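So this block is work_11.txt, compact mmCIF, C-alpha atoms:
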# COMPACT_ATOMS: atom_id res chain seq x y z
CA MET N 198 -10.35 128.62 -21.05
CA SER N 199 -11.15 127.68 -17.45
CA THR N 200 -9.61 130.96 -16.27
CA LEU N 201 -11.73 132.94 -18.73
CA ILE N 202 -14.90 131.13 -17.70
CA ALA N 203 -14.13 131.74 -14.02
CA LEU N 204 -13.58 135.45 -14.77
CA ILE N 205 -16.91 135.73 -16.59
CA VAL N 206 -18.81 133.96 -13.81
CA ALA N 207 -17.22 136.21 -11.17
CA ALA N 208 -17.94 139.28 -13.33
CA VAL N 209 -21.61 138.33 -13.54
CA THR N 210 -21.77 137.84 -9.76
CA PHE N 211 -20.41 141.31 -9.04
CA GLY N 212 -22.15 142.79 -12.09
CA THR N 213 -25.55 141.72 -10.77
CA VAL N 214 -25.07 144.06 -7.83
CA LEU N 215 -24.25 146.92 -10.19
CA MET N 216 -27.16 146.08 -12.50
CA TYR N 217 -29.77 146.74 -9.83
CA GLY N 218 -28.11 149.98 -8.76
CA THR N 219 -27.86 151.11 -12.39
CA LEU N 220 -31.41 150.21 -13.37
CA GLY N 221 -32.80 152.05 -10.37
CA GLU N 222 -30.77 155.15 -11.15
CA ILE N 223 -31.72 155.02 -14.85
CA LEU N 224 -35.40 155.10 -13.89
CA THR N 225 -34.75 157.99 -11.50
CA GLU N 226 -32.75 160.03 -14.01
CA LYS N 227 -35.35 159.48 -16.73
CA SER N 228 -37.61 161.73 -14.65
CA GLY N 229 -34.96 164.45 -14.56
CA ASN N 230 -33.87 163.78 -10.98
CA LEU N 231 -30.16 163.21 -10.41
CA ASN N 232 -29.97 161.14 -7.24
CA LEU N 233 -26.34 160.90 -6.16
CA GLY N 234 -27.37 159.09 -3.00
CA VAL N 235 -27.24 155.63 -4.60
CA GLU N 236 -24.27 154.73 -2.40
CA GLY N 237 -26.27 155.34 0.77
CA ILE N 238 -29.37 153.65 -0.65
CA MET N 239 -27.42 150.47 -1.44
CA TYR N 240 -25.92 150.49 2.07
CA MET N 241 -29.40 150.65 3.53
CA GLY N 242 -30.63 147.92 1.20
CA GLY N 243 -27.80 145.63 2.28
CA ALA N 244 -28.29 146.23 6.00
CA PHE N 245 -32.09 146.03 6.08
CA GLY N 246 -32.18 143.10 3.65
CA LEU N 247 -29.86 141.10 5.87
CA ALA N 248 -31.78 142.18 8.98
CA GLY N 249 -35.07 140.99 7.51
CA ALA N 250 -33.72 137.55 6.60
CA PHE N 251 -31.73 137.24 9.84
CA TYR N 252 -34.61 138.00 12.19
CA TYR N 253 -36.97 135.85 10.11
CA GLU N 254 -34.60 132.91 10.54
CA LYS N 255 -34.26 133.69 14.24
CA ALA N 256 -38.05 133.63 14.66
CA ALA N 257 -38.73 130.61 12.44
CA GLY N 258 -35.80 128.52 13.60
CA ALA N 259 -35.38 125.20 11.83
CA ALA N 260 -38.61 125.82 9.89
CA ALA N 261 -37.11 128.82 8.07
CA SER N 262 -37.73 128.61 4.32
CA GLY N 263 -35.18 129.77 1.76
CA PRO N 264 -37.70 131.26 -0.74
CA VAL N 265 -39.52 133.08 2.07
CA ALA N 266 -36.22 134.50 3.36
CA ILE N 267 -35.35 135.71 -0.15
CA VAL N 268 -38.71 137.45 -0.52
CA ILE N 269 -38.41 139.05 2.93
CA ALA N 270 -34.88 140.29 2.19
CA ILE N 271 -35.97 141.79 -1.13
CA LEU N 272 -39.01 143.50 0.42
CA CYS N 273 -36.97 144.91 3.32
CA ALA N 274 -34.33 146.25 0.94
CA ILE N 275 -36.97 147.82 -1.33
CA ALA N 276 -38.73 149.41 1.65
CA ALA N 277 -35.46 150.93 2.91
CA GLY N 278 -34.52 152.25 -0.53
CA MET N 279 -37.98 153.69 -1.15
CA ALA N 280 -38.02 155.40 2.25
CA ALA N 281 -34.64 157.03 1.61
CA SER N 282 -35.68 158.08 -1.89
CA ALA N 283 -38.96 159.50 -0.57
CA ILE N 284 -36.94 161.80 1.68
CA TYR N 285 -34.81 162.84 -1.30
CA SER N 286 -37.94 163.40 -3.41
CA PHE N 287 -39.63 165.57 -0.78
CA ILE N 288 -36.55 167.75 -0.38
CA THR N 289 -35.81 168.17 -4.10
CA ILE N 290 -39.29 168.04 -5.71
CA THR N 291 -41.50 169.64 -3.06
CA LEU N 292 -38.98 171.90 -1.33
CA ARG N 293 -36.94 172.34 -4.55
CA ALA N 294 -33.55 172.03 -2.86
CA ASN N 295 -30.39 171.51 -4.90
CA GLN N 296 -30.34 167.93 -6.20
CA ASN N 297 -26.57 167.49 -6.08
CA VAL N 298 -26.26 168.63 -2.47
CA THR N 299 -29.28 166.57 -1.40
CA GLY N 300 -27.95 163.48 -3.14
CA LEU N 301 -24.56 163.78 -1.47
CA ALA N 302 -26.27 164.27 1.89
CA LEU N 303 -28.40 161.17 1.26
CA SER N 304 -25.27 159.19 0.44
CA ILE N 305 -23.75 160.12 3.80
CA PHE N 306 -27.05 159.63 5.64
CA GLY N 307 -27.79 156.25 4.06
CA THR N 308 -24.27 154.98 4.65
CA GLY N 309 -24.55 155.96 8.31
CA ILE N 310 -27.96 154.32 8.72
CA GLY N 311 -26.77 151.14 7.01
CA GLN N 312 -23.66 150.90 9.16
CA PHE N 313 -25.67 151.63 12.30
CA VAL N 314 -28.16 148.84 11.56
CA GLY N 315 -25.39 146.39 10.69
CA GLU N 316 -23.33 147.19 13.78
CA TYR N 317 -26.40 147.22 16.01
CA MET N 318 -27.23 143.68 14.94
CA ARG N 319 -23.62 142.61 15.47
CA VAL N 320 -23.42 144.09 18.98
CA SER N 321 -26.87 142.92 20.05
CA GLU N 322 -26.10 139.37 18.92
CA GLY N 323 -22.70 139.39 20.60
CA GLY N 324 -20.72 138.63 17.44
CA TYR N 325 -20.87 138.76 13.68
CA VAL N 326 -24.30 138.53 12.07
CA ALA N 327 -24.72 135.74 9.53
CA LEU N 328 -27.45 133.49 8.21
CA GLY N 329 -27.45 129.74 8.73
CA ASN N 330 -26.03 127.40 6.12
CA GLY N 331 -29.48 126.46 4.86
CA LEU N 332 -30.45 130.03 3.99
CA LYS N 333 -26.97 130.76 2.65
CA ASP N 334 -27.39 127.93 0.20
CA ALA N 335 -30.82 129.26 -0.80
CA PHE N 336 -29.48 132.74 -1.58
CA ASN N 337 -26.56 131.38 -3.57
CA ALA N 338 -28.32 128.48 -5.30
CA THR N 339 -28.63 128.29 -9.07
CA VAL N 340 -32.06 128.09 -10.67
CA PHE N 341 -31.20 125.65 -13.47
CA PRO N 342 -30.55 121.89 -13.22
CA GLN N 343 -27.01 120.59 -13.03
CA ALA N 344 -27.34 119.05 -16.50
CA LEU N 345 -27.46 122.51 -18.07
CA ILE N 346 -24.60 123.79 -15.94
CA ASN N 347 -22.44 120.85 -17.06
CA ILE N 348 -22.71 121.87 -20.73
CA PRO N 349 -19.14 122.56 -21.91
CA VAL N 350 -18.12 126.26 -21.86
CA LEU N 351 -21.62 127.79 -22.11
CA GLY N 352 -23.08 125.87 -19.18
CA ARG N 353 -21.34 127.78 -16.40
CA ILE N 354 -21.52 131.09 -18.27
CA LEU N 355 -25.27 131.00 -18.87
CA PHE N 356 -26.85 128.76 -16.24
CA SER N 357 -24.74 128.81 -13.07
CA HIS N 358 -25.92 132.10 -11.57
CA THR N 359 -28.31 132.94 -8.76
CA VAL N 360 -31.94 133.91 -9.23
CA PHE N 361 -31.03 137.57 -8.70
CA PHE N 362 -29.14 137.76 -11.99
CA TYR N 363 -32.04 136.44 -14.04
CA LEU N 364 -34.50 138.67 -12.19
CA ALA N 365 -32.29 141.66 -13.03
CA ILE N 366 -32.35 140.72 -16.73
CA VAL N 367 -36.15 140.46 -16.65
CA LEU N 368 -36.30 143.82 -14.87
CA ALA N 369 -34.10 145.44 -17.53
CA ILE N 370 -36.30 144.11 -20.33
CA VAL N 371 -39.50 145.19 -18.58
CA MET N 372 -38.07 148.66 -17.94
CA HIS N 373 -37.05 148.98 -21.60
CA LEU N 374 -40.54 148.02 -22.77
CA PHE N 375 -42.09 150.37 -20.21
CA LEU N 376 -40.04 153.36 -21.38
CA LYS N 377 -40.38 152.67 -25.10
CA ARG N 378 -43.75 150.98 -25.58
CA THR N 379 -46.12 152.34 -22.93
CA ARG N 380 -47.90 155.65 -22.57
CA TRP N 381 -46.70 156.07 -18.98
CA GLY N 382 -43.09 155.45 -20.02
CA LEU N 383 -43.35 158.08 -22.74
CA TYR N 384 -44.88 160.49 -20.24
CA LEU N 385 -41.98 159.87 -17.87
CA THR N 386 -39.48 160.48 -20.67
CA ALA N 387 -41.28 163.72 -21.54
CA VAL N 388 -41.07 164.86 -17.92
CA GLY N 389 -37.33 164.25 -17.91
CA GLU N 390 -36.78 166.03 -21.21
CA SER N 391 -38.99 169.08 -20.71
CA PRO N 392 -41.15 169.22 -17.58
CA SER N 393 -42.71 172.55 -18.60
CA THR N 394 -43.88 171.10 -21.92
CA ALA N 395 -45.14 167.96 -20.20
CA ASP N 396 -46.97 170.08 -17.63
CA ALA N 397 -48.58 172.14 -20.38
CA ALA N 398 -49.75 168.90 -22.01
CA GLY N 399 -51.56 167.90 -18.82
CA ILE N 400 -49.00 165.43 -17.43
CA ASN N 401 -48.64 165.46 -13.65
CA VAL N 402 -44.92 166.24 -13.41
CA THR N 403 -44.73 165.95 -9.64
CA LYS N 404 -46.38 162.50 -9.61
CA TYR N 405 -44.06 161.07 -12.25
CA LYS N 406 -40.96 162.49 -10.58
CA TYR N 407 -41.98 161.10 -7.20
CA LEU N 408 -42.89 157.65 -8.50
CA ALA N 409 -39.78 157.26 -10.68
CA THR N 410 -37.43 158.41 -7.92
CA VAL N 411 -39.00 156.35 -5.13
CA ILE N 412 -39.35 153.16 -7.20
CA GLY N 413 -35.87 153.66 -8.64
CA GLY N 414 -34.45 153.93 -5.13
CA GLY N 415 -36.15 150.67 -4.17
CA ILE N 416 -34.61 148.90 -7.16
CA SER N 417 -31.14 150.27 -6.39
CA ALA N 418 -31.41 149.07 -2.78
CA ILE N 419 -31.86 145.49 -4.00
CA GLY N 420 -28.30 145.69 -5.31
CA GLY N 421 -26.96 146.27 -1.82
CA MET N 422 -28.92 143.31 -0.52
CA VAL N 423 -27.65 141.10 -3.35
CA TYR N 424 -24.05 141.99 -2.50
CA ILE N 425 -24.46 141.09 1.17
CA MET N 426 -26.30 137.86 0.41
CA THR N 427 -24.07 136.59 -2.41
CA THR N 428 -20.63 138.18 -2.61
CA ALA N 429 -20.32 138.78 1.15
CA GLY N 430 -21.68 135.33 2.02
CA CYS N 431 -24.77 136.49 4.00
CA VAL N 432 -22.51 138.23 6.54
CA TRP N 433 -22.64 141.96 7.23
CA ASN N 434 -19.67 143.65 5.58
CA HIS N 435 -19.85 147.43 5.31
CA GLU N 436 -16.43 147.74 3.71
CA GLY N 437 -17.34 145.67 0.64
CA LEU N 438 -20.14 148.05 -0.36
CA ALA N 439 -17.90 151.12 -0.35
CA GLY N 440 -17.88 152.73 -3.78
CA VAL N 441 -20.44 150.40 -5.39
CA GLY N 442 -23.11 153.11 -5.52
CA TRP N 443 -20.80 155.57 -7.22
CA LEU N 444 -19.85 152.89 -9.70
CA ALA N 445 -23.55 152.37 -10.48
CA VAL N 446 -23.93 156.10 -11.18
CA ALA N 447 -20.95 155.94 -13.54
CA LEU N 448 -22.44 152.88 -15.23
CA VAL N 449 -25.62 154.85 -16.00
CA ILE N 450 -23.51 157.18 -18.14
CA PHE N 451 -21.67 154.25 -19.72
CA CYS N 452 -25.02 152.65 -20.62
CA MET N 453 -26.31 155.95 -22.06
CA TRP N 454 -29.46 155.78 -19.94
CA ARG N 455 -30.66 152.59 -21.67
CA PRO N 456 -31.86 149.70 -19.45
CA LEU N 457 -30.84 146.96 -21.90
CA ASN N 458 -27.29 148.29 -22.02
CA ALA N 459 -27.10 147.78 -18.27
CA ILE N 460 -27.12 144.00 -18.80
CA TRP N 461 -23.81 143.79 -20.66
CA GLY N 462 -22.42 147.00 -19.18
CA SER N 463 -22.69 145.71 -15.62
CA VAL N 464 -20.87 142.51 -16.57
CA ILE N 465 -18.06 144.51 -18.17
CA PHE N 466 -17.77 146.76 -15.12
CA GLY N 467 -17.90 143.70 -12.87
CA ALA N 468 -15.03 142.14 -14.81
CA MET N 469 -12.95 145.30 -14.54
CA MET N 470 -13.57 145.51 -10.79
CA ILE N 471 -12.49 141.93 -10.02
CA MET N 472 -9.85 141.58 -12.71
CA TYR N 473 -7.05 142.29 -10.23
CA LEU N 474 -8.01 139.06 -8.45
CA ARG N 475 -8.11 136.91 -11.60
CA VAL N 476 -5.65 138.42 -14.08
CA LEU N 477 -2.46 139.47 -12.36
CA ILE N 478 0.15 141.44 -14.28
CA PRO N 479 3.25 141.99 -12.11
CA PHE N 480 4.12 145.52 -13.24
CA ILE N 481 0.53 146.89 -13.03
CA PRO N 482 -0.61 147.96 -9.53
CA THR N 483 -4.00 146.73 -8.36
CA GLU N 484 -5.17 150.32 -7.84
CA LEU N 485 -4.99 150.85 -11.60
CA TYR N 486 -7.38 147.96 -12.16
CA LYS N 487 -9.90 149.50 -9.79
CA ILE N 488 -10.07 152.85 -11.58
CA LEU N 489 -10.57 151.28 -15.01
CA PRO N 490 -14.41 151.57 -14.90
CA TYR N 491 -14.19 155.28 -14.19
CA ILE N 492 -11.64 155.84 -16.95
CA VAL N 493 -13.84 153.99 -19.42
CA THR N 494 -16.86 156.04 -18.30
CA VAL N 495 -15.03 159.32 -18.88
CA ILE N 496 -13.97 158.15 -22.36
CA VAL N 497 -17.54 157.14 -23.22
CA LEU N 498 -18.86 160.47 -21.89
CA ILE N 499 -16.40 162.39 -24.05
CA ILE N 500 -17.25 160.36 -27.16
CA THR N 501 -21.01 160.68 -26.70
CA SER N 502 -20.71 164.41 -26.00
CA MET N 503 -18.89 164.88 -29.30
CA ARG N 504 -21.75 163.25 -31.18
CA ASN N 505 -24.92 165.15 -31.99
CA SER N 506 -27.15 162.14 -31.42
CA ARG N 507 -29.93 163.15 -29.01
CA ASP N 508 -30.77 159.60 -27.97
CA LYS N 509 -27.29 159.17 -26.50
CA GLN N 510 -27.51 162.23 -24.27
CA PRO N 511 -28.88 162.48 -20.73
CA PRO N 512 -32.42 163.81 -20.15
CA ALA N 513 -32.39 167.52 -20.92
CA SER N 514 -33.67 168.56 -17.48
CA LEU N 515 -31.43 166.19 -15.52
CA GLY N 516 -30.42 167.76 -12.22
CA LEU N 517 -32.64 170.82 -12.69
CA ASN N 518 -35.55 171.57 -10.38
CA TYR N 519 -38.87 172.40 -12.01
CA PHE N 520 -40.53 175.65 -11.01
CA ARG N 521 -44.03 175.74 -12.43
CA GLU N 522 -44.25 179.47 -11.86
CA GLU N 523 -41.50 180.00 -14.44
CA ARG N 524 -43.28 178.01 -17.14
Translate this structure into C-alpha cells?
Amino acid sequence: MSTLIALIVAAVTFGTVLMYGTLGEILTEKSGNLNLGVEGIMYMGGAFGLAGAFYYEKAAGAAASGPVAIVIAILCAIAAGMAASAIYSFITITLRANQNVTGLALSIFGTGIGQFVGEYMRVSEGGYVALGNGLKDAFNATVFPQALINIPVLGRILFSHTVFFYLAIVLAIVMHLFLKRTRWGLYLTAVGESPSTADAAGINVTKYKYLATVIGGGISAIGGMVYIMTTAGCVWNHEGLAGVGWLAVALVIFCMWRPLNAIWGSVIFGAMMIMYLRVLIPFIPTELYKILPYIVTVIVLIITSMRNSRDKQPPASLGLNYFREER
C-alpha cells in the first residue's frame, strides 16, 4: 500500500506539469489553431519563471517572501509563454503561414531561448542557478495542515501536494465552465468548428483565435515553471523538460479536448512516465515504460476515430488557416 501511495503522489507531482501544458493547448486548439510549439513554450516558462524568482531573491535578500516569489515566477512564465504564442499567432493568423511548420519552428526557437536564458544565468553567476532553501520550501510546501495529510491512505493522496496542483484543478474547472456555460466559450468553440460560419454570424474570428492562442500559451508555460520549481528542485535543468511539451500535446488527444479529463488524464500519464522508477520489472526495459503514454494515445485516437460521436473529435478546423476571402 505504501508503494502504491508513493506512486500516486509522484504521479500527481509530474502530472501537474502536464496538466498546465495540456490545458493551455486545449484552449488553443479549441480556436482551431494547432500549436505544436508547446515544447518550446514550456522551456521558456521554466527558464523565465526561475529567472524571475532567482533575481527577486537576489534583490530582496533575506527579506524575500515565498508567496511573492511564487507570484513573480508564475507571472514571468506566463509573460514568456504569451510572447512566444503571440509570435505564433501573428505568423499563422495574420500572415496565414502553415501551422504545423510554424509550431515546429516555435518548438525549436523556444527551446533555444529557454536554454540560452538558463545557461546565461548559470555562467553569469559562476555556477549552477538555484533558489535558497527558504524559497525552495515555499514552492514545494503543501497547502493543507499536517492533520489532514496524516489521515490514513487518503491523506497523502489528496492533501500532500503543492499549491500548483490545486490551482490546476481550479483552472480546469473554470475552463470547462467557460467553454460550456458562457457565451464567449460557445463563440470560441464555434470559431474552432467553422470559422466561416462564425464570421458570418458576426463573431470576430481573428480576435478569438489570438486570445485563445496567446492565453493558452501562457497557461502552458506555467507547466515548465512548475517542473523547474518542484520536480527539478528550483535548479535549472534543461534535460528534464525534454519531451514534456510533446507529451502534453498527446495528452490533449487522450483527453478528447475536454479540460476536466485533463485532471485524471495527467495523473495517469504522470504515473506511466515515472513508473520505471517505482515499479521495476526485470525483463521489461525502461524505454518501454517511457513510450507507454504515446502508445495509449494512439490507441485512444484509433478508438475515437472509429466512433461517430462528434463531441469526441477534434475541432473541425483544427490546423487549417482561415481565409475570409474564400467564405
Q. What is the distance between CA of Val209 in chain N and CA of Ala244 in chain N, in Å to one decimal?
A. 22.1 Å
How big is the axis-aligned box around the listed atoms of range 284-296 of chain N once 3 Å is added on each side, and where is its centre? Give both in Å to one decimal, as JSON.
{"center_x": -35.9, "center_y": 167.1, "center_z": -2.3, "size_x": 17.2, "size_y": 16.5, "size_z": 13.9}
Q: Counting only C-alpha atoms, figure out which residue out of N:Gly382, N:Gly221, N:Pro511, N:Pro342 gets nearest to Met453 in chain N.
A: N:Pro511
Q. In Å to one decimal, how far is CA of Leu376 in chain N from CA of Ala409 in chain N?
A. 11.4 Å
Q. How many Å separate CA of Ala261 in chain N from CA of Cys431 in chain N?
A.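 That distance, rounded to one decimal, is 15.1 Å.
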Q: Write out as a VMD selection string which residues come within 10 Å of Ala250 in chain N when counting all atoms listed in the file, dropping same-chain ones fewer than 5 positions away.
A: chain N and resid 245 255 to 256 261 263 265 to 271 273 327 to 328 332 426 431
**Q.** Selection: 10 Å around Ala208 in chain N, all atoms listed in the file, excl. self and same-chain fewer than 2 positions, as a ChimeraX atom specification
**A.** /N:202-206,210-213,463-472
**Q.** Which residue of N:Arg521, N:Gly331, N:Asn232, N:Gly237 approaches Asn401 in chain N most closely, using only C-alpha atoms
**A.** N:Arg521
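The closest residue to Thr410 in chain N, picked from N:Leu351, N:Val298, N:Val493, N:Leu385 and counting only C-alpha atoms, is N:Leu385.
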Q. Got a sec: who's within 12 Å of Arg455 in chain N, counting only C-alpha atoms, leaving out chain neighbours fewer than 6 positions off, as a PyMOL selection string?
A. chain N and resi 216+219-224+226-227+369-377+386+448-449+461-462+508-512
